[in-house]
Structures are given as C-alpha cells and as structure tokens.
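These notes concern the structure reproduced below.
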Amino acid sequence: MRFPGPPDGSEEIRILERNGERSALERFLRGTAEGAGRAVLVEGAPGIGKSTLLHWAAAAASGEGLNVLRARSTEMERRFAFGIVRQMFGDIVRHADGRESWLRAADLVPALAALGSVDDERFSEGDFAVLHSLHQLVVRYTEAHGPVVLVADDAHWGDSASLRFLAYLLPRLGGLPVLLLMSSRIPTGPEAVAVPQLAQDPDCEVVRLRPLSLSAAEDFLRVSLTRPAEPEFVDACHAVSGGNPYLLTELVRVLSAEGIEPTAANAPWVTGPGVGAVHRRVALWLQRHTESAGDVARAAAVLGPDASLGRIGAMTGLAVVDVARAVQTLEQMEFVRQVRTHCPTRSETVVEFVHPLVRAAVYESVGLDERIRAHLAAADLLRAEGLSAEHAAAHLMSTPGAGSPEHAAVLHRAGTDALRRGAPQVALDLLRRCRAEGGPADRHTALLGDLAAAAELVDTTATLGYLREMLALTTDPLERAVVTARAGIALFNTGGWEEFRSLTEQSLRELAAAAVDSDLARALEDAMQASMVTADYFAVGGSAPPQPLQGFREEPPRPGWGGRVLDALVATVDLHSCRADAPARARRALAGDELLLAWGADGAVSAAWFTLIAAEDVSVPPRLDAALERAGRHGALRNAAAARSARALVALRRGELPTAAAEAKEAARAASAANNHVITVVAHHAMAEAALDRDDLAAAEAVLSTDIVRDIVEGSFSVYSLVLKGSSCRLLQARGHLQEAADRWLELGAEYAATPLAGRNPAFLPWRTGAAACLRATGAIREARRLAEQDLAAARQWEAPSPIGRALRSLASTLPAADALPLLAESADVLQHSWARLEYARTLHAQGVVLRDRGSRSDARKALESGLALSQACGAVHLAERIRVDLRLAGGRPPRTGVLGVDSLTPRERRVGDLAAAGRSNQEISEVLFITPKTVETHLAAVYRKLTVTRRELIARGTVEEA
C-alpha cells in the first residue's frame with residue numbers, strides 16, 4: 001500500500017513534524033487492509049493538528065480503496081443519542097433497500113431503532129442488546145463492503161451513548177477489518193471519564209501530538225509570509241502560539257490583515273496585540289464586513305449541526321440567497337465550509353465551522369442574553385419544522401430553566417426516546433433538565449420513574465434519590481412495594497443494609513395491612529422477605545440476622561418468581577455454611593425461565609449461578625450461554641456483565657486460563673459501565689486469579705492495584721470483597737513473602753468466619769490451604785496439617801471435587817511420603833473426571849514428585865507426563881515448566897509440544913471445533929459464543945494443532961479417527 005508523500009505546501013494537507021505519527025497510521029491502515037482490526041486515539045490540545053492528521057489518514061485510506069465512515073462531534077451534539085454512530089452509518093441505513101434488507105435480520109433491529117431508522121416506539125431494548133446489535137451492524141458492513149476506517153473526530157464532545165459503544169467495539173476489533181480512528185483533546189470536563197477509559201484500554205493505541213518545534217515554526221513562517229522572518233520575530237510567534245499549528249496559522253492571518261512586517265522591531269506586537277489570534281481575527285472580520293454576514297456566522301454558531309441555509313435564514317430574517325452569499329464570504333475567509341450531513345431519516349447540507357476554535361470565537365462574541373434568546377428561537381424553529389425532540393432539546397439544554405411546560409414536554413420526550421434507544425446517560429441528562437424546567441405538571445411521579453429507570457443503568461446513587469422521592473409521593477401499597485423492590489437492588493449494591501431493612505419491613509407491613517391479593521403482590525412479598533432475611537448475612541461487620549432461615553428451608557417451594565428469588569438467596573447463604581442441599585435449591589431457582597425473565601431478579605440469578613459454579617454443576621455452562629444470548633437480544637448491560645463474570649469463574653475453575661482472562665476482562669468493562677459492585681468484584685477476582693495461575697505476577701498486581709479494586713477492598717461492605725483479598729494473599733505468597741501471606745490468610749479466614757454467614761466454604765475462599773502452604777514452607781508443619789484437615793472436612797461436606805482434591809493435596813504435603821501417596825491418589829481420583837483440570841495437573845505433579853522420590857520412576861513419569869499435558873492445555877506455562885524439570889529428574893523426556901488428540905481439547909475448544917465442523921464461519925461462531933473473532937481464531941488454531949488437521953472440514957474426521 002502506498003500513501004501520500006510529505007506535504008509540499010500546495011493544496012495537499014500540510015502536516016509538520018508528524019512523520020512518526022504518519023508512519024504509525026500507515027502501519028495501522030496496512031493492517032486493516034489485511035484484515036487486522038485496531039483502535040487508535042490521537043490526543044492533544046485544541047489546534048495541535050488532530051483533525052488534520054485524521055483527515056490525512058482518511059484520505060490515504062480512501063485512496064487505497066478502503067471504506068471510510070466519518071463523524072465529527074461538536075459541543076451541541078453531546079445531547080444526541082448515538083450521534084457519532086448516526087453520522088457514520090446514517091447515509092447507509094437511510095437507503096430504503098439497505099434498511100429493508102437489514103430489518104429482516106432480527107439482530108440488527110435494535111441498532112436501527114437506536115439510530116432512528118425505524119420507529120423506536122416499537123422497540124425498547126436493553127442497552128446491551130443495542131450495543132451488541134450495533135456491533136453486528138459493523139460486522140455486516142464489513143462483510144458487504146470490505147475493510148473500513150471509522151473516524152470519530154473530536155470524540156471529547158461525543159455523546160455518552162456513542163462513546164459507550166466505541167468502548168464496547170474496541171476489544172472486538174481484533175478479528176475485523178476495521179480501524180477505529182479517534183481524536184480527542186486532553187479531557188478536563190464531562191468527557192474526563194469516557195475518553196480516558198478508551199485511552200487506557202490495552203487494545204487502544206494512543207498517539208499524543210507534541211507542539212511544533214522552533215525550527216518547524218520557522219519553516220512554516222518562511223512558506224507563509226511574503227518575506228523572511230527575523231529570528232526575534234520567529235521566537236515571538238513560536239512563544240505566543242506555543243508551537244500550536246492552528247494558532248500559528250491564525251497568527252499569520254492576523255499579521256497579514258494588520259500589515260505587520262516580520263521584523264525584530266515588531267516582535268513586541270506579536271506578544272501584545274497578537275495574543276489571542278483566533279478571537280482577534282474573528283473580531284476584525286466582524287468589524288469590517290456587513291452586518292448580515294456577521295448575523296449568519298452567529299446564527300450558524302448557535303444552530304450547530306442543524307445550521308442549514310434555510311434555518312439560518314429563519315433565524316436572521318434573511319432570504320436564502322443572501323444567506324448563501326454571506327456563507328460564500330465566510331468560506332473565502334476560511335471560517336466555515338458547507339458539508340453534507342447524513343442521518344437515518346434525512347440528508348442535508350449544513351454550514352460547519354472549519355475549526356472548533358473559530359466556532360467558539362464567534363459564539364463567544366454573542367452576548368449571554370442574546371445567546372439564550374437565539375437558542376430558544378432555534379428550539380422553536382426545530383419544533384415547528386417537525387424534527388425529533390432531541391434537536392430542540394439540545395438547544396434548550398443550553399439555556400437556563402424558564403419553567404415552561406412546553407419545554408419540559410420536549411425535554412421529557414427527548415429523554416424517554418434516548419432511554420428507549422439504549423442511551424441511558426443521555427436520557428438521564430435530558431430528564432434532569434426536564435425536571436429543572438418544572439417537568440410535566442401532571443406527570444411528576446412518572447418523570448421520577450423515568451429518571452430512576454435511566455439512573456439504574458449508570459448511577460446507583462442517583463437511583464436511590466429518585467426512588468426515595470417516588471416513595472414519598474406514592475400511596476398505593478402495591479406500587480410502593482414495586483418501588484421498594486427497585487430501591488432494594490440499589491441499596492444492596494451500595495451496602496445500605498439498614499435502610500434496605502427499614503424500607504422492606506415497612507413495605508411488607510403495608511401489603512399485609514392492605515390485604516392485597518394478586519400474583520404480583522405475592523411474588524413481591526416472597527422476594528422482599530427473602531431479600532430482607534438474607535441481606536444481613538452478606539454485610540461485612542454485620543450482626544447475626546434476627547430471622548433464621550430454617551423456616552424457609554423446611555417449607556415447600558413457593559410459587560411464582562418471588563419463590564424462585566427466595567430459593568436463590570437461601571441457596572447462596574447455605575453455600576457459605578457448606579450445606580450440601582444448596583445446589584439443588586439453586587437449580588430449583590433457575591428451573592425454566594421464570595427467574596431470568598423476572599424484573600429486578602438479576603442479583604438472585606447471579607446468586608444461583610455462583611452457588612452452582614462453586615458446586616461445579618455441569619448444567620451451568622449452557623445456562624450461561626443461553627443467558628448471554630438472551631442479553632444480546634433484549635437485555636441490559638448488567639445482565640451481560642453478570643453472565644460474563646459467571647462464565648469467567650467457570651473457565652477459571654476448568655483451568656481455561658486464557659478464556660477466563662478474556663471473559664473477566666469483558667465482564668469488568670460491562671460491570672463498570674453498569675455500576676454493579678458484586679460483578680465488578682467477581683470480574684477483577686477472576687482476572688487476578690487467571691494471572692496468578694499463569695504465574696504472571698505483574699499482570700495480577702496490575703489488576704489488584706487498580707483504584708477500583710483498592711476502593712472495594714478498603715471500603716468493603718460485602719462478603720464478596722473477601723475474594724479479592726484472597727487474590728492479594730496469593731500474590732504475596734507467589735512473591736515469596738510467606739510469613740506475611742500466612743498472617744494475611746489467617747486474618748482473612750477469621751474475617752470470613754466473623755461475618756453473619758459464619759463462612760467456612762473452601763470453594764468460595766480457600767484460605768486454609770493458602771495459609772497451610774505458607775506455614776509448611778516456613779516450617780510450621782503441625783499448624784499447616786491442622787488447617788488442611790479442617791479444610792478437607794469442610795470440602796467433604798460441600799462435596800465439590802475441586803476443594804476436596806485441593807485439600808487432600810494440601811494435607812499430603814504435610815505428611816511423610818508413605819502417608820502422602822494414598823491422599824494424592826484419592827485427590828487424583830476425585831479430580832480426574834471433574835472440571836478442575838488445573839487442580840488435577842497440580843495433583844499429578846505432586847504425585848509424580850513423591851513417586852520419583854520413593855524410587856517409582858516409571859509411575860512418576862506417567863503422572864508427570866499427564867500433568868504436563870494438562871498444564872500446557874490450561875495455559876499454565878510456569879507450572880508446565882516446573883513439571884518438565886521434575887520429569888527430566890525422573891528420567892523422562894518431555895515432549896516439545898503438548899499432548900495431542902481429542903482429550904487435550906479444552907471444553908471451549910471442543911465447542912468452537914464442533915461449530916466449525918458444522919460449517920459455521922468464525923464470525924458466526926463468535927456471535928453464538930459471544931467471543932471475539934480473534935478468540936475464535938485462537939481456539940481454532942489450537943484445535944488444528946491438537947487434532948493434526950489443517951482445515952475445518954477435517955475437524956470432524958480428526959475427532960472420529962481419534963475416537
């Protein structure tokens with residue numbers, strides 16, 4: 001691929017001192033053309049050349065036949081849900097043929113509804129369903145048109161919904177021929193969260209633009225001025241502009257307009273009147289040109305993305321022909337340009353400022369009172385024209401509240417539209433402004449409900465505020481119970497146990513007093529009663545619950561989803577006390593789809609999943625796949641986060657370390673966006689544990705040292721935070737700080753036991769085996785043996801293979817070889833047919849070493865060879881290397897590669913291989929399993945290697961021949 005050469009100072013884009021950045025972009029463009037996706041964020045100060053560099057890259061891509069879809073954000077567009085995405089794909093989905101063909105694909109309907117291409121009243125999908133559907137839209141586009149460069153200029157002004165989608169898309173680019181090319185200022189305002197999250201993502205390449213050097217400024221002035229500039233003058237220009245290319249350009253224009261010669265004597269003028277070159281040039285121009293031209297510029301600055309010639313005329317009272325003449329003058333001055341904008345419902349030509357700094361200078365030249373009147377006039381104009389409510393709402397957001405019912409209605413409609421489209425943060429901003437306007441006079445409670453619905457997806461603290469207000473305004477006992485249940489979820493996620501109990505008790509009393517007899521009332525009573533009784537169990541530092549669970553355990557199953565919630569929560573409490581009947585209760589909770597489809601039952605569903613994962617129940621993986629698929633069709637981001645975190649735990653327990661890390665990373669992203677405490681804990685725990693199992697201590701420390709993990713650990717209010725502390729203990733142990741690790745493990749065990757749960761289950765927190773390993777290494781054998789025996793007793797009570805096998809191995813390590821071998825044999829027997837392949841590999845390693853030391857070298861080699869194959873299949877590289885060393889000492893010859901054949905496939909590799917053998921494409925497999933195409937490629941490569949085949953058509957044959 002060839003790219004444009006260096007700028008020659010003529011009509012080509014001029015890029016000074018950007019050769020390194022251009023080379024990097026050339027490399028990324030080549031990768032995109034070859035099918036390798038990537039994300040790049042160009043970051044720098046206003047005017048530093050971000051847009052110029054993106055424009056150059058887009059031109060280079062177009063010149064080589066790559067598709068380019070562009071978007072440029074402005075301050076006014078922040079209130080438009082999915083504004084960036086609509087700019088990119090608006091023209092494509094606007095065409096009738098394309099839209100109708102895509103409408104027939106059910107998975108694209110949420111995306112088209114979010115983009116406004118179909119009637120969004122008909123579609124109200126969860127925010128995750130919209131994100132997943134938009135991802136599928138990108139995939140379908142590349143399948144139809146080939147590699148594409150998605151350009152998002154000035155992303156710091158992007159709407160939150162689009163930025164959320166870009167964050168979702170970013171880790172899924174690996175297997176797509178897509179280059180996501182973004183630019184952003186160094187964020188300092190409302191964008192100071194979303195854009196840095198993109199920049200900090202390991203899958204995003206950040207290119208930071210530096211100011212021009214003095215030498216480059218001198219070169220620029222030599223080309224731009226009519227005579228050579230003297231050194232003192234160059235120094236002054238460079239100092240005033242700060243090496244900023246755009247400010248330097250504007251300074252040259254001011255110098256030309258003022259007739260300032262580039263001499264040393266005029267250097268003081270540059271550092272005096274020359275400061276603020278953009279504002280000065282705009283002010284000079286407005287003074288010297290007709291009033292109508294100035295009015296057109298100011299109207300365009302106010303109208304923003306809706307600045308068509310006709311609307312500018314309506315705002316200024318000028319005929320369209322006069323507006324066109326004024327725009328032509330503005331174009332000649334390089335203030336504006338006319339561009340064709342595209343959205344799913346219409347396409348039009350609008351006036352756009354060449355640079356945000358120019359628009360800011362014009363906009364700030366308008367007095368505050370006049371500016372407010374102009375925005376109100378623009379809102380009325382857009383409403384009268386019949387455009388969607390978001391257009392008028394964007395202008396109302398730029399004015400102070402006027403207590404107008406009409407304005408409140410517009411803002412309310414725009415907010416609820418954004419919420420239906422899957423843009424909760426945009427919706428929340430608009431609805432808050434609606435409330436400040438006075439809100440719909442007859443729908444105050446409904447407005448609070450809409451505010452709470454938006455806040456539930458992005459701001460738990462705000463959710464509680466709105467729900468408290470709703471409770472104060474609601475008198476009907478059943479309606480109050482519904483609101484209380486919603487508040488209970490938020491309080492559980494923030495540790496507000498006392499308020500949770502108070503509200504729930506009051507609501508139960510009200511329902512009983514009113515004798516409400518309905519299925520909903522009974523379900524709510526069951527769910528709230530279960531939540532109230534079980535909530536205290538999970539509070540770190542809480543007191544014993546006043547109501548024991550024995551009564552619930554003994555009574556027959558309660559009907560409805562409320563009974564399922566009760567089963568799920570009782571099961572997760574019983575998990576911690578090692579009650580063997582907890583898994584059966586969790587299975588009962590998940591029977592059918594009643595609990596999954598119940599509103600607000602996310603926490604109960606997760607509780608049942610975690611109980612079954614701890615029990616290593618084989619029904620869990622297909623349940624999680626189905627739940628994630630359902631979330632992709634209709635669910636919210638919190639549903640996807642819960643399913644992914646549970647899948648990460650399953651992969652971790654199976655020893656599928658790369659899969660566990662990938663799932664946990666996705667879960668952490670989703671949990672952060674959904675503001676879910678428990679899922680955030682579980683996801684980071686799984687990431688840290690996967691890194692520790694790979695002996696990647698740097699990666700584990702990177703996870704455990706993040707601000708979010710420190711905040712959770714230091715301010716822990718839930719028992720779930722203890723697992724993160726356990727990961728920290730393992731890290732200390734792996735680094736050789738054995739005494740400190742032992743002390744920390746023992747403290748953690750005491751903390752677990754001191755919770756109202758009286759926690760003792762090693763499947764949840766294996767603190768005894770962790771402490772025992774440290775104590776044994778420091779010579780405290782007797783204490784280590786005592787802890788291992790206690791752990792084995794608890795594990796046998798729980799009956800799951802992993803903790804039993806681990807405890808047996810731990811106990812064996814404290815005994816003489818003759819006594820250890822039977823325990824290791826039992827451990828191997830327990831683990832052999834279980835999920836726990838990595839635990840099995842560890843036991844085989846320990847068994848092989850003991851056998852070798854006792855002189856049974858042949859048996860030792862068999863155990864060590866099997867352990868080596870398993871550890872390699874799991875991705876536990878350092879464990880595999882240790883086994884290799886011991887295998888050599890036992891007289892064995894470790895194979896260069898892992899053991900081949902069907903048995904060496906991981907469960908995920910088997911699933912990918914089955915789908916590939918059935919004729920599914922990589923993209924189709926990624927959609928079915930909710931993994932990236934790149935991950936599919938990785939799994940398929942492993943399948944090919946282990947089955948010694950070279951094509952997917954041969955996978956089934958390789959499996960049969962092996963059998």
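Here's how to read the names in the structure tokens: chain A, B, ... by the order shown, residue numbers from 1 in each chain, ligand numbers from 1 in the order shown.
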Subject >> alpha helix (DSSP H) per DSSP on the backbone: members of stretch 136-250 of chain A, as a VMD selection string >> reply: chain A and resid 136 to 145 160 to 169 194 to 200 214 to 224 231 to 241 245 to 250
**OP:** Would you mind telling me which residue in A:His238, A:Arg884, A:Arg564, A:Arg433 lies nearest to A:Ala586 when using only C-alpha atoms?
**Re:** A:Arg564
Original post:
Which neighbours of A:Ala846 fall inside 9 Å, counting only C-alpha atoms, when residues of the same chain fewer than 3 positions from it are skipped, and could you give them as a PyMOL selection string?
Top reply: chain A and resi 809+813+824+841-843+849-851+863-864
The selected residues should be written to file as a compact mmCIF listing (two decimals), in the first residue's frame (atoms: all heavy atoms).
```txt
# COMPACT_ATOMS: atom_id res chain seq x y z
N ARG A 809 -4.51 -32.72 48.61
CA ARG A 809 -3.14 -32.44 48.21
C ARG A 809 -2.42 -31.60 49.27
O ARG A 809 -1.24 -31.82 49.57
CB ARG A 809 -3.14 -31.70 46.87
CG ARG A 809 -1.77 -31.53 46.25
CD ARG A 809 -1.83 -30.91 44.86
NE ARG A 809 -2.28 -29.53 44.87
CZ ARG A 809 -3.43 -29.12 44.35
NH1 ARG A 809 -4.27 -29.98 43.79
NH2 ARG A 809 -3.77 -27.84 44.40
N SER A 813 0.89 -32.77 51.60
CA SER A 813 2.16 -32.04 51.64
C SER A 813 2.71 -31.91 53.05
O SER A 813 3.88 -31.56 53.22
CB SER A 813 1.99 -30.65 51.02
OG SER A 813 1.20 -29.82 51.86
N LEU A 824 -2.79 -38.41 47.79
CA LEU A 824 -2.61 -37.89 46.44
C LEU A 824 -3.35 -38.75 45.42
O LEU A 824 -3.91 -38.23 44.45
CB LEU A 824 -1.13 -37.81 46.09
CG LEU A 824 -0.34 -36.74 46.86
CD1 LEU A 824 1.16 -36.89 46.60
CD2 LEU A 824 -0.81 -35.34 46.46
N ALA A 841 -3.86 -31.25 37.34
CA ALA A 841 -2.45 -31.17 36.92
C ALA A 841 -1.54 -30.95 38.11
O ALA A 841 -0.45 -31.56 38.20
CB ALA A 841 -2.28 -30.05 35.90
N ARG A 842 -1.96 -30.11 39.06
CA ARG A 842 -1.14 -29.86 40.25
C ARG A 842 -1.00 -31.13 41.10
O ARG A 842 0.07 -31.42 41.65
CB ARG A 842 -1.75 -28.72 41.07
CG ARG A 842 -1.61 -27.36 40.42
CD ARG A 842 -2.39 -26.31 41.18
NE ARG A 842 -2.17 -24.98 40.61
CZ ARG A 842 -3.13 -24.06 40.49
NH1 ARG A 842 -4.36 -24.33 40.90
NH2 ARG A 842 -2.85 -22.89 39.97
N THR A 843 -2.12 -31.86 41.22
CA THR A 843 -2.07 -33.11 41.99
C THR A 843 -1.17 -34.13 41.30
O THR A 843 -0.37 -34.82 41.97
CB THR A 843 -3.48 -33.68 42.16
OG1 THR A 843 -4.22 -32.82 43.05
CG2 THR A 843 -3.45 -35.08 42.75
N VAL A 849 6.20 -36.27 41.83
CA VAL A 849 7.40 -35.95 42.61
C VAL A 849 7.58 -36.94 43.77
O VAL A 849 8.70 -37.43 44.03
CB VAL A 849 7.34 -34.50 43.12
CG1 VAL A 849 8.45 -34.24 44.14
CG2 VAL A 849 7.43 -33.52 41.96
N VAL A 850 6.47 -37.24 44.48
CA VAL A 850 6.57 -38.18 45.60
C VAL A 850 6.94 -39.58 45.11
O VAL A 850 7.79 -40.27 45.70
CB VAL A 850 5.23 -38.22 46.38
CG1 VAL A 850 5.27 -39.32 47.45
CG2 VAL A 850 4.98 -36.87 47.04
N LEU A 851 6.33 -39.99 44.01
CA LEU A 851 6.66 -41.31 43.44
C LEU A 851 8.12 -41.38 43.01
O LEU A 851 8.81 -42.38 43.22
CB LEU A 851 5.74 -41.60 42.25
CG LEU A 851 4.29 -41.95 42.59
CD1 LEU A 851 3.42 -41.91 41.33
CD2 LEU A 851 4.20 -43.34 43.25
N ALA A 863 2.60 -39.99 35.73
CA ALA A 863 1.87 -38.90 36.38
C ALA A 863 2.35 -37.54 35.88
O ALA A 863 1.55 -36.65 35.58
CB ALA A 863 2.02 -38.99 37.90
N LEU A 864 3.67 -37.41 35.78
CA LEU A 864 4.23 -36.12 35.37
C LEU A 864 3.92 -35.81 33.90
O LEU A 864 3.65 -34.65 33.55
CB LEU A 864 5.74 -36.11 35.61
CG LEU A 864 6.16 -36.11 37.08
CD1 LEU A 864 7.66 -36.36 37.22
CD2 LEU A 864 5.78 -34.79 37.76
```
I want to know what sits within 9 Å of A:Pro211, based on only C-alpha atoms, with residues of the same chain fewer than 6 positions away left out; could you give that as an mmCIF file with N, CA and C atoms, in the first residue's frame?
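The resulting file, part.cif, is shown below:
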```cif
data_model
loop_
_atom_site.group_PDB
_atom_site.id
_atom_site.type_symbol
_atom_site.label_atom_id
_atom_site.label_comp_id
_atom_site.auth_asym_id
_atom_site.auth_seq_id
_atom_site.Cartn_x
_atom_site.Cartn_y
_atom_site.Cartn_z
ATOM 1 N N GLY A 44 -4.414 15.415 21.951
ATOM 2 C CA GLY A 44 -3.621 16.629 22.006
ATOM 3 C C GLY A 44 -4.483 17.841 22.283
ATOM 4 N N ALA A 45 -3.832 18.998 22.404
ATOM 5 C CA ALA A 45 -4.514 20.244 22.730
ATOM 6 C C ALA A 45 -5.321 20.743 21.533
ATOM 7 N N ILE A 48 -3.786 21.484 17.779
ATOM 8 C CA ILE A 48 -2.472 20.846 17.671
ATOM 9 C C ILE A 48 -2.321 20.044 16.381
ATOM 10 N N GLY A 242 2.702 28.842 21.224
ATOM 11 C CA GLY A 242 3.023 27.626 21.964
ATOM 12 C C GLY A 242 3.339 26.456 21.055
ATOM 13 N N GLY A 243 3.725 26.744 19.826
ATOM 14 C CA GLY A 243 4.000 25.667 18.870
ATOM 15 C C GLY A 243 2.741 24.993 18.371
ATOM 16 N N ASN A 244 1.603 25.650 18.581
ATOM 17 C CA ASN A 244 0.314 25.086 18.144
ATOM 18 C C ASN A 244 0.091 25.436 16.673
ATOM 19 N N PRO A 245 -0.009 24.454 15.782
ATOM 20 C CA PRO A 245 -0.093 24.749 14.350
ATOM 21 C C PRO A 245 -1.264 25.649 13.968
#
```
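Going from atom CA of A:Glu554 to atom CA of A:Ala582 covers 12.9 Å.
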Subject >> Shell of 9 Å around A:Pro110, only C-alpha atoms, local chain residues under 3 positions omitted, as a list in words >> reply: Ala106, Asp107, Ala113, Ala114, Leu115, Asp120, Phe123, Ser124, Glu125, Gly126, Ala129, Val130, Leu131, His132, Ser133, Leu134, Arg421, Gly422, Arg633 and His634 of chain A
Hey, can you spit out that residue selection with all heavy atoms as a CSV table (one decimal), in the first residue's frame?
```
chain,number,residue,atom,x,y,z
A,106,ALA,N,-33.1,-10.0,12.4
A,106,ALA,CA,-33.6,-9.6,13.8
A,106,ALA,C,-32.6,-9.0,14.6
A,106,ALA,O,-32.9,-8.1,15.4
A,106,ALA,CB,-34.3,-10.8,14.4
A,107,ASP,N,-31.3,-9.5,14.5
A,107,ASP,CA,-30.3,-9.0,15.4
A,107,ASP,C,-29.9,-7.5,15.1
A,107,ASP,O,-29.2,-6.9,15.9
A,107,ASP,CB,-29.1,-9.9,15.4
A,107,ASP,CG,-28.4,-10.0,14.0
A,107,ASP,OD1,-29.1,-9.7,13.0
A,107,ASP,OD2,-27.3,-10.4,13.9
A,113,ALA,N,-33.2,0.8,15.3
A,113,ALA,CA,-34.0,1.6,16.2
A,113,ALA,C,-33.2,2.7,17.0
A,113,ALA,O,-33.6,3.8,17.1
A,113,ALA,CB,-34.8,0.7,17.2
A,114,ALA,N,-32.1,2.3,17.5
A,114,ALA,CA,-31.2,3.2,18.2
A,114,ALA,C,-30.8,4.4,17.3
A,114,ALA,O,-30.6,5.5,17.7
A,114,ALA,CB,-30.0,2.5,18.8
A,115,LEU,N,-30.5,4.1,16.0
A,115,LEU,CA,-30.1,5.1,15.0
A,115,LEU,C,-31.2,5.9,14.5
A,115,LEU,O,-31.0,6.8,13.7
A,115,LEU,CB,-29.3,4.4,13.9
A,115,LEU,CG,-28.1,3.7,14.3
A,115,LEU,CD1,-27.4,3.0,13.1
A,115,LEU,CD2,-27.1,4.6,15.0
A,120,ASP,N,-38.9,4.0,16.8
A,120,ASP,CA,-38.4,3.5,18.1
A,120,ASP,C,-39.5,3.3,19.1
A,120,ASP,O,-39.2,2.7,20.2
A,120,ASP,CB,-37.3,4.4,18.7
A,120,ASP,CG,-37.8,5.8,18.8
A,120,ASP,OD1,-38.0,6.5,17.8
A,120,ASP,OD2,-38.0,6.3,20.0
A,123,PHE,N,-39.8,-0.4,19.5
A,123,PHE,CA,-38.7,-1.2,20.1
A,123,PHE,C,-38.1,-0.5,21.3
A,123,PHE,O,-37.8,0.7,21.3
A,123,PHE,CB,-37.5,-1.3,19.0
A,123,PHE,CG,-38.0,-1.8,17.7
A,123,PHE,CD1,-38.3,-1.0,16.6
A,123,PHE,CD2,-38.2,-3.2,17.5
A,123,PHE,CE1,-38.7,-1.5,15.4
A,123,PHE,CE2,-38.6,-3.7,16.3
A,123,PHE,CZ,-38.9,-2.9,15.3
A,124,SER,N,-38.0,-1.3,22.3
A,124,SER,CA,-37.5,-0.8,23.6
A,124,SER,C,-36.5,-1.9,24.2
A,124,SER,O,-36.9,-2.6,25.0
A,124,SER,CB,-38.6,-0.4,24.6
A,124,SER,OG,-38.0,0.1,25.8
A,125,GLU,N,-35.3,-1.9,23.6
A,125,GLU,CA,-34.4,-3.0,24.0
A,125,GLU,C,-33.5,-2.5,25.1
A,125,GLU,O,-33.3,-1.3,25.4
A,125,GLU,CB,-33.6,-3.4,22.8
A,125,GLU,CG,-34.4,-3.8,21.6
A,125,GLU,CD,-35.1,-5.2,21.8
A,125,GLU,OE1,-35.0,-5.8,22.9
A,125,GLU,OE2,-35.8,-5.6,20.9
A,126,GLY,N,-32.9,-3.5,25.8
A,126,GLY,CA,-31.9,-3.1,26.8
A,126,GLY,C,-30.7,-2.5,26.2
A,126,GLY,O,-30.4,-2.7,25.0
A,129,ALA,N,-28.4,-5.0,24.5
A,129,ALA,CA,-28.9,-5.5,23.2
A,129,ALA,C,-28.6,-4.5,22.1
A,129,ALA,O,-28.2,-4.9,21.0
A,129,ALA,CB,-30.4,-5.7,23.3
A,130,VAL,N,-28.7,-3.2,22.4
A,130,VAL,CA,-28.4,-2.2,21.4
A,130,VAL,C,-26.9,-2.2,21.1
A,130,VAL,O,-26.5,-2.2,19.9
A,130,VAL,CB,-28.8,-0.8,21.9
A,130,VAL,CG1,-28.3,0.3,21.0
A,130,VAL,CG2,-30.3,-0.8,22.1
A,131,LEU,N,-26.0,-2.3,22.1
A,131,LEU,CA,-24.6,-2.3,21.8
A,131,LEU,C,-24.2,-3.6,21.0
A,131,LEU,O,-23.4,-3.5,20.0
A,131,LEU,CB,-23.8,-2.4,23.2
A,131,LEU,CG,-23.9,-1.2,24.1
A,131,LEU,CD1,-23.2,-1.4,25.4
A,131,LEU,CD2,-23.4,0.1,23.4
A,132,HIS,N,-24.7,-4.7,21.3
A,132,HIS,CA,-24.4,-5.9,20.6
A,132,HIS,C,-25.0,-5.8,19.1
A,132,HIS,O,-24.3,-6.2,18.2
A,132,HIS,CB,-25.1,-7.1,21.3
A,132,HIS,CG,-24.9,-8.4,20.5
A,132,HIS,ND1,-23.7,-9.0,20.3
A,132,HIS,CD2,-25.8,-9.2,19.9
A,132,HIS,CE1,-23.8,-10.1,19.7
A,132,HIS,NE2,-25.1,-10.3,19.4
A,133,SER,N,-26.1,-5.2,19.0
A,133,SER,CA,-26.7,-5.1,17.6
A,133,SER,C,-25.9,-4.1,16.8
A,133,SER,O,-25.7,-4.3,15.6
A,133,SER,CB,-28.1,-4.6,17.7
A,133,SER,OG,-28.8,-4.5,16.5
A,134,LEU,N,-25.4,-3.0,17.4
A,134,LEU,CA,-24.5,-2.1,16.7
A,134,LEU,C,-23.2,-2.7,16.2
A,134,LEU,O,-22.7,-2.5,15.2
A,134,LEU,CB,-24.3,-0.8,17.5
A,134,LEU,CG,-25.4,0.1,17.7
A,134,LEU,CD1,-25.1,1.2,18.8
A,134,LEU,CD2,-25.7,0.9,16.4
A,421,ARG,N,-33.7,4.1,23.1
A,421,ARG,CA,-32.7,3.8,22.2
A,421,ARG,C,-31.5,3.1,22.8
A,421,ARG,O,-30.5,2.8,22.1
A,421,ARG,CB,-32.2,5.0,21.5
A,421,ARG,CG,-33.3,5.5,20.5
A,421,ARG,CD,-32.8,6.9,19.9
A,421,ARG,NE,-33.7,7.3,18.8
A,421,ARG,CZ,-33.5,8.4,18.2
A,421,ARG,NH1,-32.6,9.3,18.5
A,421,ARG,NH2,-34.4,8.8,17.2
A,422,GLY,N,-31.5,3.0,24.1
A,422,GLY,CA,-30.3,2.4,24.8
A,422,GLY,C,-29.2,3.4,25.1
A,422,GLY,O,-28.0,3.0,25.2
A,633,ARG,N,-30.0,-10.2,22.8
A,633,ARG,CA,-31.3,-9.9,22.1
A,633,ARG,C,-32.1,-8.8,22.7
A,633,ARG,O,-32.6,-7.9,22.1
A,633,ARG,CB,-32.1,-11.2,21.9
A,633,ARG,CG,-31.5,-12.2,21.0
A,633,ARG,CD,-32.6,-13.2,20.6
A,633,ARG,NE,-33.3,-13.8,21.8
A,633,ARG,CZ,-33.0,-14.9,22.4
A,633,ARG,NH1,-31.9,-15.5,22.1
A,633,ARG,NH2,-33.7,-15.3,23.5
A,634,HIS,N,-32.2,-8.9,24.1
A,634,HIS,CA,-33.1,-8.0,24.8
A,634,HIS,C,-32.6,-7.4,26.0
A,634,HIS,O,-33.3,-6.5,26.6
A,634,HIS,CB,-34.4,-8.8,25.1
A,634,HIS,CG,-35.0,-9.5,24.0
A,634,HIS,ND1,-35.6,-8.9,22.9
A,634,HIS,CD2,-35.1,-10.8,23.8
A,634,HIS,CE1,-36.1,-9.8,22.1
A,634,HIS,NE2,-35.8,-11.0,22.6
```
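In terms of minimum interatomic distance to A:Ala455, A:Leu430 ranks closest within A:Leu430, A:Val713, A:Ala39, A:Val151, counting only C-alpha atoms.
Comparing the minimum interatomic distances between A:Ser827 and each of A:Ile489, A:Leu792, A:Ala660, A:Ile84, counting only C-alpha atoms, we find that A:Leu792 sits nearest.
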Subject >> Near-A:Arg27 list (12 Å; only C-alpha atoms; drop same-chain fewer than 6 positions) as a ChimeraX atom specification >> reply: /A:1-3,20-21,33-34,36-38,40,57,60-61,179
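Proximity to A:Arg373 at 9 Å, evaluated using only C-alpha atoms and with sequence-adjacent residues fewer than 5 positions away removed, yields Leu368, Ala378 and Thr399 of chain A.
Counting only C-alpha atoms, the residue from A:His833, A:Arg337, A:Arg785, A:His939 that sits nearest to A:Ser810 is A:Arg785.
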**OP:** Can you work out which one of A:Ala485, A:Leu765, A:Leu612, A:Ala750 has the shortest atom-to-atom distance to A:Ser531, counting only C-alpha atoms?
**Re:** A:Ala485
